[in-house]
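Trainee: The following file, query-v5.pdb, comprises PDB, C-alpha atoms:
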```
ATOM      1  CA  MET A   1       0.000   0.000   0.000
ATOM      2  CA  THR A   2       1.306   3.460  -0.911
ATOM      3  CA  LYS A   3       0.746   6.372   1.447
ATOM      4  CA  ARG A   4       1.374  10.087   1.130
ATOM      5  CA  ILE A   5       1.721  12.152   4.310
ATOM      6  CA  VAL A   6       0.879  15.828   4.007
ATOM      7  CA  VAL A   7       1.926  18.225   6.774
ATOM      8  CA  LEU A   8      -0.031  21.425   6.337
ATOM      9  CA  THR A   9       2.262  24.282   7.276
ATOM     10  CA  ALA A  10       0.557  27.074   5.363
ATOM     11  CA  ILE A  11      -1.944  28.653   7.724
ATOM     12  CA  SER A  12      -3.832  31.790   6.882
ATOM     13  CA  SER A  13      -3.681  34.902   9.037
ATOM     14  CA  ALA A  14      -7.327  34.315   9.983
ATOM     15  CA  ALA A  15      -6.443  30.879  11.257
ATOM     16  CA  LEU A  16      -3.555  32.237  13.287
ATOM     17  CA  LEU A  17      -5.824  34.829  14.888
ATOM     18  CA  ALA A  18      -8.222  32.016  15.782
ATOM     19  CA  GLY A  19      -5.387  30.160  17.485
ATOM     20  CA  ALA A  20      -5.500  27.218  15.088
ATOM     21  CA  ALA A  21      -2.470  24.949  15.086
ATOM     22  CA  PRO A  22      -1.061  23.142  12.058
ATOM     23  CA  ILE A  23      -3.067  20.012  11.347
ATOM     24  CA  LEU A  24      -1.525  16.751  10.261
ATOM     25  CA  GLY A  25      -3.309  15.279   7.261
ATOM     26  CA  GLN A  26      -2.854  11.820   5.815
ATOM     27  CA  MET A  27      -4.277  10.597   2.517
ATOM     28  CA  THR A  28      -4.455   6.876   1.930
ATOM     29  CA  HIS A  29      -4.945   5.501  -1.560
ATOM     30  CA  PRO A  30      -7.775   3.029  -2.326
ATOM     31  CA  GLY A  31      -7.664  -0.080  -0.194
ATOM     32  CA  GLY A  32      -5.558   1.626   2.467
ATOM     33  CA  GLY A  33      -5.611   0.736   6.152
ATOM     34  CA  ALA A  34      -8.085   0.539   8.940
ATOM     35  CA  MET A  35      -9.342   3.596  10.777
ATOM     36  CA  ALA A  36      -7.249   4.657  13.755
ATOM     37  CA  PRO A  37      -8.530   3.710  17.236
ATOM     38  CA  GLY A  38     -10.853   6.403  18.589
ATOM     39  CA  ALA A  39     -11.295   7.930  15.154
ATOM     40  CA  THR A  40     -14.538   9.541  14.034
ATOM     41  CA  ALA A  41     -15.794   8.553  10.575
ATOM     42  CA  VAL A  42     -17.289  10.800   7.896
ATOM     43  CA  THR A  43     -18.581   9.321   4.637
ATOM     44  CA  ILE A  44     -18.262  11.241   1.391
ATOM     45  CA  ASN A  45     -20.747  10.356  -1.328
ATOM     46  CA  ASP A  46     -21.712  12.124  -4.517
ATOM     47  CA  ALA A  47     -24.480  13.988  -2.652
ATOM     48  CA  GLY A  48     -22.398  15.364   0.238
ATOM     49  CA  TYR A  49     -20.717  14.606   3.562
ATOM     50  CA  SER A  50     -22.390  12.383   6.154
ATOM     51  CA  PRO A  51     -22.672  13.538   8.851
ATOM     52  CA  GLY A  52     -22.565  17.136   7.702
ATOM     53  CA  GLU A  53     -21.392  18.293  11.135
ATOM     54  CA  THR A  54     -18.834  16.338  13.134
ATOM     55  CA  VAL A  55     -18.023  17.121  16.773
ATOM     56  CA  VAL A  56     -14.636  15.983  18.098
ATOM     57  CA  ALA A  57     -12.278  16.655  20.973
ATOM     58  CA  PRO A  58      -8.897  18.343  20.440
ATOM     59  CA  GLY A  59      -6.378  15.822  19.116
ATOM     60  CA  GLN A  60      -9.031  13.294  18.100
ATOM     61  CA  SER A  61      -8.606  11.555  14.749
ATOM     62  CA  VAL A  62     -11.184  12.110  11.990
ATOM     63  CA  THR A  63     -11.365   9.907   8.886
ATOM     64  CA  TRP A  64     -13.191  10.841   5.677
ATOM     65  CA  THR A  65     -13.826   8.028   3.169
ATOM     66  CA  ASN A  66     -14.944   8.651  -0.399
ATOM     67  CA  SER A  67     -17.698   6.112  -1.056
ATOM     68  CA  GLY A  68     -18.853   7.909  -4.207
ATOM     69  CA  SER A  69     -17.832   7.287  -7.797
ATOM     70  CA  ASN A  70     -16.626  10.853  -8.435
ATOM     71  CA  PRO A  71     -13.488  12.533  -7.064
ATOM     72  CA  HIS A  72     -13.979  14.838  -4.070
ATOM     73  CA  THR A  73     -11.935  16.919  -1.627
ATOM     74  CA  VAL A  74     -12.096  17.929   2.033
ATOM     75  CA  THR A  75     -10.884  21.545   1.868
ATOM     76  CA  SER A  76     -11.168  24.117   4.657
ATOM     77  CA  ASP A  77     -13.062  27.296   3.801
ATOM     78  CA  VAL A  78     -10.222  29.294   5.364
ATOM     79  CA  PRO A  79      -7.290  28.673   3.010
ATOM     80  CA  GLY A  80      -4.405  26.674   4.413
ATOM     81  CA  ILE A  81      -6.082  25.031   7.397
ATOM     82  CA  PHE A  82      -6.453  21.619   5.755
ATOM     83  CA  ASP A  83      -6.868  20.166   2.288
ATOM     84  CA  SER A  84      -7.135  16.486   1.425
ATOM     85  CA  GLY A  85      -6.236  16.952  -2.204
ATOM     86  CA  THR A  86      -8.177  14.904  -4.736
ATOM     87  CA  LEU A  87      -9.750  11.792  -3.204
ATOM     88  CA  GLY A  88     -10.655   9.104  -5.707
ATOM     89  CA  ALA A  89     -13.164   6.335  -5.064
ATOM     90  CA  LYS A  90     -12.507   4.516  -1.743
ATOM     91  CA  ALA A  91      -9.640   6.865  -0.805
ATOM     92  CA  LYS A  92      -9.407   8.050   2.815
ATOM     93  CA  PHE A  93      -8.293  11.303   4.398
ATOM     94  CA  VAL A  94      -7.290  11.424   8.074
ATOM     95  CA  LEU A  95      -6.925  14.536  10.231
ATOM     96  CA  THR A  96      -5.829  15.061  13.801
ATOM     97  CA  ALA A  97      -8.186  17.682  15.190
ATOM     98  CA  PRO A  98      -6.464  20.918  16.247
ATOM     99  CA  ALA A  99      -5.950  21.914  19.869
ATOM    100  CA  ALA A 100      -7.883  25.155  19.386
ATOM    101  CA  ALA A 101     -11.624  24.812  19.963
ATOM    102  CA  GLY A 102     -13.856  26.204  17.243
ATOM    103  CA  THR A 103     -15.845  25.410  14.114
ATOM    104  CA  TYR A 104     -13.874  24.587  10.975
ATOM    105  CA  THR A 105     -16.093  24.653   7.891
ATOM    106  CA  TYR A 106     -15.006  22.901   4.714
ATOM    107  CA  ASN A 107     -16.115  22.135   1.171
ATOM    108  CA  CYS A 108     -15.438  20.067  -1.934
ATOM    109  CA  THR A 109     -13.525  22.078  -4.519
ATOM    110  CA  PHE A 110     -15.182  20.093  -7.326
ATOM    111  CA  HIS A 111     -18.757  20.461  -6.073
ATOM    112  CA  ALA A 112     -19.786  23.782  -4.499
ATOM    113  CA  TYR A 113     -22.973  22.308  -3.002
ATOM    114  CA  MET A 114     -20.965  19.920  -0.813
ATOM    115  CA  ARG A 115     -20.262  21.533   2.556
ATOM    116  CA  GLY A 116     -19.452  20.281   6.048
ATOM    117  CA  SER A 117     -18.165  21.448   9.411
ATOM    118  CA  LEU A 118     -15.728  20.092  11.975
ATOM    119  CA  VAL A 119     -16.547  21.316  15.490
ATOM    120  CA  VAL A 120     -13.662  21.008  17.958
ATOM    121  CA  SER A 121     -14.774  21.202  21.579
ATOM    122  CA  THR A 122     -13.061  20.519  24.913
ATOM    123  CA  VAL A 123     -16.243  18.631  25.845
ATOM    124  CA  THR A 124     -17.984  16.449  23.271
ATOM    125  CA  LEU A 125     -21.402  14.811  23.342
ATOM    126  CA  MET A 126     -22.696  12.118  20.999
ATOM    127  CA  GLY A 127     -25.783   9.911  21.001
ATOM    128  CA  PRO A 128     -28.300   7.971  18.916
ATOM    129  CA  LYS A 129     -29.929   9.401  15.799
ATOM    130  CA  GLN A 130     -33.321   8.732  17.418
ATOM    131  CA  VAL A 131     -34.943   6.634  20.137
ATOM    132  CA  ARG A 132     -38.353   5.016  20.501
ATOM    133  CA  ALA A 133     -40.759   6.904  22.756
ATOM    134  CA  GLY A 134     -40.476   5.757  26.359
ATOM    135  CA  LYS A 135     -36.936   4.435  25.919
ATOM    136  CA  THR A 136     -33.700   5.778  27.377
ATOM    137  CA  ALA A 137     -30.904   7.281  25.297
ATOM    138  CA  SER A 138     -27.290   6.229  25.756
ATOM    139  CA  VAL A 139     -25.005   9.246  25.278
ATOM    140  CA  HIS A 140     -21.245   9.468  25.455
ATOM    141  CA  GLY A 141     -18.401  11.879  24.903
ATOM    142  CA  ALA A 142     -14.981  12.982  26.046
ATOM    143  CA  ALA A 143     -13.310  15.730  28.050
ATOM    144  CA  PRO A 144      -9.582  15.202  27.378
ATOM    145  CA  GLY A 145      -7.263  16.171  30.219
ATOM    146  CA  THR A 146     -10.047  16.175  32.820
ATOM    147  CA  PRO A 147      -9.159  14.329  36.062
ATOM    148  CA  PRO A 148     -10.841  10.909  36.423
ATOM    149  CA  GLY A 149     -13.948  11.030  38.603
ATOM    150  CA  THR A 150     -14.897  14.570  37.586
ATOM    151  CA  ALA A 151     -18.678  14.957  37.520
ATOM    152  CA  VAL A 152     -20.522  15.038  34.192
ATOM    153  CA  ALA A 153     -24.004  16.558  34.061
ATOM    154  CA  ILE A 154     -26.299  15.980  31.080
ATOM    155  CA  GLU A 155     -28.651  18.937  30.793
ATOM    156  CA  ALA A 156     -31.870  19.241  28.771
ATOM    157  CA  LEU A 157     -33.318  22.410  27.280
ATOM    158  CA  GLY A 158     -36.770  23.149  28.678
ATOM    159  CA  ALA A 159     -39.718  24.836  26.988
ATOM    160  CA  GLY A 160     -38.909  28.123  28.720
ATOM    161  CA  GLY A 161     -35.299  28.124  27.543
ATOM    162  CA  ALA A 162     -33.802  26.969  30.861
ATOM    163  CA  TRP A 163     -31.321  24.085  31.103
ATOM    164  CA  THR A 164     -32.022  21.365  33.690
ATOM    165  CA  ALA A 165     -29.803  18.467  34.721
ATOM    166  CA  VAL A 166     -31.453  15.172  33.720
ATOM    167  CA  ALA A 167     -28.632  12.634  34.106
ATOM    168  CA  SER A 168     -25.142  12.424  35.534
ATOM    169  CA  GLY A 169     -21.942  10.416  35.400
ATOM    170  CA  THR A 170     -18.195  10.754  35.863
ATOM    171  CA  VAL A 171     -15.148  11.042  33.633
ATOM    172  CA  ALA A 172     -13.141   7.836  33.180
ATOM    173  CA  ALA A 173      -9.357   7.547  33.279
ATOM    174  CA  ASP A 174      -9.098   8.015  29.509
ATOM    175  CA  GLY A 175     -11.185  11.214  29.572
ATOM    176  CA  SER A 176     -14.337   9.557  28.240
ATOM    177  CA  TYR A 177     -17.761   9.288  29.848
ATOM    178  CA  HIS A 178     -20.959   7.335  29.271
ATOM    179  CA  VAL A 179     -24.400   8.299  30.608
ATOM    180  CA  VAL A 180     -27.912   6.878  30.155
ATOM    181  CA  THR A 181     -30.782   9.368  30.185
ATOM    182  CA  ARG A 182     -34.189   8.909  31.719
ATOM    183  CA  PRO A 183     -36.926   7.574  29.347
ATOM    184  CA  LEU A 184     -37.761  10.131  26.661
ATOM    185  CA  THR A 185     -41.322  10.874  25.586
ATOM    186  CA  ALA A 186     -40.499  13.713  23.192
ATOM    187  CA  GLY A 187     -37.489  14.990  21.314
ATOM    188  CA  ALA A 188     -34.737  16.313  23.585
ATOM    189  CA  THR A 189     -31.995  18.898  23.132
ATOM    190  CA  LEU A 190     -29.091  17.973  25.409
ATOM    191  CA  ARG A 191     -25.679  19.272  26.356
ATOM    192  CA  ALA A 192     -22.924  17.993  28.642
ATOM    193  CA  ARG A 193     -21.376  20.055  31.415
ATOM    194  CA  VAL A 194     -17.954  19.060  32.764
ATOM    195  CA  GLY A 195     -16.631  21.594  35.243
ATOM    196  CA  GLU A 196     -16.820  24.944  33.445
ATOM    197  CA  GLY A 197     -16.823  23.273  30.034
ATOM    198  CA  LEU A 198     -19.934  22.813  27.908
ATOM    199  CA  SER A 199     -20.406  20.584  24.882
ATOM    200  CA  PRO A 200     -22.208  21.610  21.698
ATOM    201  CA  THR A 201     -25.894  20.695  21.846
ATOM    202  CA  LEU A 202     -27.208  17.315  20.723
ATOM    203  CA  THR A 203     -30.804  16.881  19.549
ATOM    204  CA  ILE A 204     -32.321  13.406  19.830
ATOM    205  CA  PRO A 205     -35.660  12.947  18.032
ATOM    206  CA  VAL A 206     -38.133  10.528  19.596
ATOM    207  CA  ALA A 207     -40.119   8.162  17.386
ATOM    208  CA  PRO A 208     -43.640   7.234  18.590
ATOM    209  CA  LYS A 209     -44.841   3.642  18.593
ATOM    210  CA  VAL A 210     -47.380   2.984  15.828
ATOM    211  CA  VAL A 211     -49.541  -0.152  16.088
ATOM    212  CA  ILE A 212     -52.180  -1.196  13.550
ATOM    213  CA  LYS A 213     -54.834  -3.924  13.791
ATOM    214  CA  ARG A 214     -57.598  -5.117  11.503
ATOM    215  CA  SER A 215     -60.971  -3.507  12.036
ATOM    216  CA  GLY A 216     -63.686  -5.206  10.032
ATOM    217  CA  LYS A 217     -63.151  -6.512   6.515
ATOM    218  CA  ARG A 218     -61.068  -3.655   5.107
ATOM    219  CA  GLY A 219     -60.471  -1.393   8.059
ATOM    220  CA  ILE A 220     -57.338  -0.625  10.090
ATOM    221  CA  ALA A 221     -57.387   0.653  13.667
ATOM    222  CA  VAL A 222     -54.343   2.804  14.467
ATOM    223  CA  THR A 223     -52.918   3.419  17.935
ATOM    224  CA  VAL A 224     -50.048   5.850  18.538
ATOM    225  CA  THR A 225     -48.041   6.004  21.778
ATOM    226  CA  PRO A 226     -47.567   8.536  23.288
ATOM    227  CA  ALA A 227     -51.064   9.710  22.430
ATOM    228  CA  LYS A 228     -50.890  12.873  20.370
ATOM    229  CA  ALA A 229     -52.705  14.401  17.419
ATOM    230  CA  ALA A 230     -50.670  13.796  14.276
ATOM    231  CA  LYS A 231     -50.730  13.483  10.511
ATOM    232  CA  GLY A 232     -49.698  10.428   8.576
ATOM    233  CA  ASN A 233     -50.152   8.317   5.493
ATOM    234  CA  LEU A 234     -51.521   4.891   4.706
ATOM    235  CA  GLU A 235     -48.884   3.289   2.472
ATOM    236  CA  ARG A 236     -48.952   0.289   0.159
ATOM    237  CA  LEU A 237     -45.894  -1.785  -0.711
ATOM    238  CA  ASN A 238     -45.052  -1.667  -4.422
ATOM    239  CA  THR A 239     -43.840  -5.199  -5.119
ATOM    240  CA  ASP A 240     -42.103  -4.110  -8.320
ATOM    241  CA  THR A 241     -39.860  -1.517  -6.675
ATOM    242  CA  PHE A 242     -40.173  -2.735  -3.042
ATOM    243  CA  ARG A 243     -40.925   0.824  -1.986
ATOM    244  CA  TRP A 244     -43.789   2.025   0.169
ATOM    245  CA  VAL A 245     -46.146   4.312  -1.781
ATOM    246  CA  LYS A 246     -48.720   6.705  -0.297
ATOM    247  CA  ALA A 247     -52.284   5.399  -0.681
ATOM    248  CA  LYS A 248     -54.184   8.009   1.349
ATOM    249  CA  LYS A 249     -53.836  10.484   4.211
ATOM    250  CA  VAL A 250     -54.438   9.500   7.838
ATOM    251  CA  THR A 251     -55.352  11.872  10.689
ATOM    252  CA  ILE A 252     -54.583  10.765  14.246
ATOM    253  CA  ASN A 253     -56.762  12.334  16.947
ATOM    254  CA  ARG A 254     -55.425  13.712  20.234
ATOM    255  CA  ARG A 255     -56.084  10.365  21.908
ATOM    256  CA  GLY A 256     -53.623   8.796  19.478
ATOM    257  CA  LYS A 257     -56.347   6.880  17.596
ATOM    258  CA  ALA A 258     -57.539   6.622  14.011
ATOM    259  CA  THR A 259     -59.508   4.254  11.805
ATOM    260  CA  VAL A 260     -58.759   4.056   8.116
ATOM    261  CA  THR A 261     -60.364   2.117   5.266
ATOM    262  CA  VAL A 262     -57.972   0.205   3.034
ATOM    263  CA  PRO A 263     -58.420   0.711  -0.744
ATOM    264  CA  LYS A 264     -59.734  -2.191  -2.818
ATOM    265  CA  ALA A 265     -56.311  -2.949  -4.278
ATOM    266  CA  ALA A 266     -54.827  -6.059  -2.694
ATOM    267  CA  GLY A 267     -51.419  -5.760  -1.078
ATOM    268  CA  ARG A 268     -49.478  -5.049   2.075
ATOM    269  CA  TYR A 269     -50.283  -1.828   3.942
ATOM    270  CA  ARG A 270     -48.785   0.153   6.810
ATOM    271  CA  VAL A 271     -49.288   3.533   8.499
ATOM    272  CA  THR A 272     -46.429   6.052   8.630
ATOM    273  CA  LEU A 273     -46.592   9.116  10.875
ATOM    274  CA  LEU A 274     -45.072  12.328   9.560
ATOM    275  CA  PRO A 275     -42.479  14.095  11.729
ATOM    276  CA  ALA A 276     -43.907  16.710  14.085
ATOM    277  CA  LYS A 277     -42.598  18.950  16.845
ATOM    278  CA  GLY A 278     -40.677  16.754  19.280
ATOM    279  CA  LEU A 279     -41.399  13.550  17.383
ATOM    280  CA  ALA A 280     -39.641  11.789  14.515
ATOM    281  CA  ALA A 281     -41.332   9.917  11.674
ATOM    282  CA  ALA A 282     -42.367   6.359  12.526
ATOM    283  CA  SER A 283     -44.022   3.429  10.757
ATOM    284  CA  SER A 284     -46.124   0.489  11.856
ATOM    285  CA  ALA A 285     -45.616  -3.111  10.846
ATOM    286  CA  GLY A 286     -47.439  -4.170   7.687
ATOM    287  CA  LEU A 287     -50.773  -5.932   7.228
ATOM    288  CA  SER A 288     -51.775  -7.853   4.098
ATOM    289  CA  PHE A 289     -55.186  -7.452   2.457
ATOM    290  CA  ARG A 290     -56.629  -9.418  -0.452
TER     291      ARG A 290
END
```
Rewrite the structure from the file as structure tokens, please.
Mentor:
Amino acid sequence: MTKRIVVLTAISSAALLAGAAPILGQMTHPGGGAMAPGATAVTINDAGYSPGETVVAPGQSVTWTNSGSNPHTVTSDVPGIFDSGTLGAKAKFVLTAPAAAGTYTYNCTFHAYMRGSLVVSTVTLMGPKQVRAGKTASVHGAAPGTPPGTAVAIEALGAGGAWTAVASGTVAADGSYHVVTRPLTAGATLRARVGEGLSPTLTIPVAPKVVIKRSGKRGIAVTVTPAKAAKGNLERLNTDTFRWVKAKKVTINRRGKATVTVPKAAGRYRVTLLPAKGLAAASSAGLSFR
């Protein structure tokens, strides 16, 4: 395997004012090596970067992998901070996050619509993309250089704009922490507090539970938990494309109930709730009708 190490010594005056340190970049050609331990992964495809925003601690390793078919770059908006050069299919680019906290935005020089950001924070917070209503959320992060045993408070943003502690833990010997929240019934915006340090916020959408049962010959009874008025769709499985296609609208009342009549077309049907304030989209299991 051939590797090319790029040490980025050209740093713009704006970067110097921000306190940014030179960043070590490493580009690995297709088929090159495993991701470094503790590294954070970002996927590049022909539509953009995923995730679009990445939060890391100072000194943490970040690996971008080009999974698309076109060449791309990872190039800082401020010239000279970092630049992967051209990444062909399956090529990787590895950065060691700078010591200076801040937000480092970047782009693809070939595709102006592709943009991302690297957020460097002395306290990080990560968690699931969503959780089922009534379930806990397992969150974790790091506070490098913090003494082991230091208290970690997970705070939630309330309706009035105030932050309230909802879970707690302690920093481990390696600077990491792991905390489980209380059961969530609606989407939560969280942050971690370690000493005087605060993490960027983390929003965890909550997906309601959607249950459907037969009601009469061609009826479906819908129950949503937690009970809340919502909008949704009755969907039918297209067996040619194996995609769910909207058949008709469904309105859930404030008690979380609805009854819907299935069209005459035979097939497999389900109910999907549309995302609403505090709740993520969610789908029921399917039912077959002849």
Trainee: Please determine, counting only C-alpha atoms, which residue among A:Ile220, A:Val119, A:Ala192, A:Val94 has the shortest atom-to-atom distance to A:Phe82.
Mentor: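 Answer, going by the shortest atom-to-atom distance: A:Val94.
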Trainee: Using the chain letters and numbers from this file, what does the PyMOL selection byres ((chain A and resi 86) around 7) select? Give the answer as a PDB file with C-alpha atoms, keeping the file's coordinate frame.
Mentor:
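And here is the file that came out, selection_10.pdb:
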```pdb
ATOM      1  CA  PRO A  71     -13.488  12.533  -7.064  1.00  0.00           C
ATOM      2  CA  HIS A  72     -13.979  14.838  -4.070  1.00  0.00           C
ATOM      3  CA  THR A  73     -11.935  16.919  -1.627  1.00  0.00           C
ATOM      4  CA  SER A  84      -7.135  16.486   1.425  1.00  0.00           C
ATOM      5  CA  GLY A  85      -6.236  16.952  -2.204  1.00  0.00           C
ATOM      6  CA  LEU A  87      -9.750  11.792  -3.204  1.00  0.00           C
ATOM      7  CA  GLY A  88     -10.655   9.104  -5.707  1.00  0.00           C
TER       8      GLY A  88
END
```
Trainee: Which is closer to A:Thr261 than all the others in A:Gly68, A:Pro275, A:Gly216, A:Gly160, using only C-alpha atoms?
Mentor: A:Gly216
Trainee: So that I can check the surroundings of stretch 133-139 of chain A, please list as a ChimeraX atom specification every protein, DNA and RNA residue that reaches within 7 Å of it, counting only C-alpha atoms and ignoring chain neighbours fewer than 2 positions away.
Mentor: /A:125-128,131,178-186,206-209
Trainee: Between atom CA of A:Lys231 and atom CA of A:Arg290, what is the distance, to one decimal in Å?
Mentor: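 Answer for the atom CA of A:Lys231 to atom CA of A:Arg290 separation: 26.1 Å.
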Trainee: Using the chain letters and numbers from the file, give me the residues hit by the PyMOL selection byres ((chain A and resi 49) around 12), as a ChimeraX atom specification.
Mentor: /A:41-48,50-54,63-68,72-74,105-108,111,113-118
Trainee: For the file shown, what are the residues hit by the PyMOL selection byres ((chain A and resi 284) around 6), laid out as an MDAnalysis selection string?
Mentor: chainID A and resid 210:211 270:271 283 285
Trainee: May I ask which of the residues A:Ala229, A:Val260, A:Gly149, A:Ala156 is the closest one to A:Lys217, counting all atoms listed in the file?
Mentor: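 Closest candidate: A:Val260.
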Trainee: From the set A:Phe242, A:Phe289, A:Trp163, A:Phe93, which residue has the shortest atom-to-atom contact distance to A:Arg268, counting all atoms listed in the file?
Mentor: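 That would be A:Phe289, the residue with the smallest distance to A:Arg268.
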Trainee: Using atom CA of A:Ala151 and atom CA of A:Leu202 as the two end points, give the distance in Å to one decimal.
Mentor: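 One can read the atom CA of A:Ala151 to atom CA of A:Leu202 distance as 19.0 Å.
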Trainee: Please provide the set of residues having any atom within 6 Å of A:Tyr269, restricted to all atoms listed in the file, with same-chain residues fewer than 4 positions apart removed, written as number ranges by chain.
Mentor: A: 235-236, 286-287
Trainee: Would you mind telling me which residue in A:Gly158, A:Pro263, A:Gly141, A:Gly232 lies nearest to A:Ala282 when using all atoms listed in the file?
Mentor: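 Closest residue, counting all atoms listed in the file: A:Gly232.
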Trainee: Looking at all atoms listed in the file, which of A:Ala265, A:Arg255, A:Arg218, A:Thr272 is the one that sits closest to A:Asn233?
Mentor: A:Thr272
Trainee: Near A:Gly197, within 9 Å and counting all atoms listed in the file, which residues show up once chain neighbours fewer than 5 positions away are dropped, as a PyMOL selection string?
Mentor: chain A and resi 121-123+143+192
Trainee: So how far away is atom CA of A:Thr189 from atom CA of A:Ile204, in Å?
Mentor: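 We find that atom CA of A:Ile204 and atom CA of A:Thr189 lie 6.4 Å from each other.
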Trainee: Residues within 7 Å of A:Ala99, please, as a list in words. Count only C-alpha atoms; anything in the same chain fewer than 2 positions from it doesn't count.
Mentor: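 Once the nearby chain positions are removed, what remains is Ala21, Pro58, Gly59, Ala97 and Ala101 of chain A.
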Trainee: Please give the centre and size of the box around stretch 230-241 of chain A (axis-aligned, containing every atom listed in the file, 3 Å added per side), with values in Å to one decimal and written as AutoDock Vina command-line options.
Mentor:
```
--center_x -45.7 --center_y 4.3 --center_z 3.0 --size_x 17.7 --size_y 25.0 --size_z 28.6
```
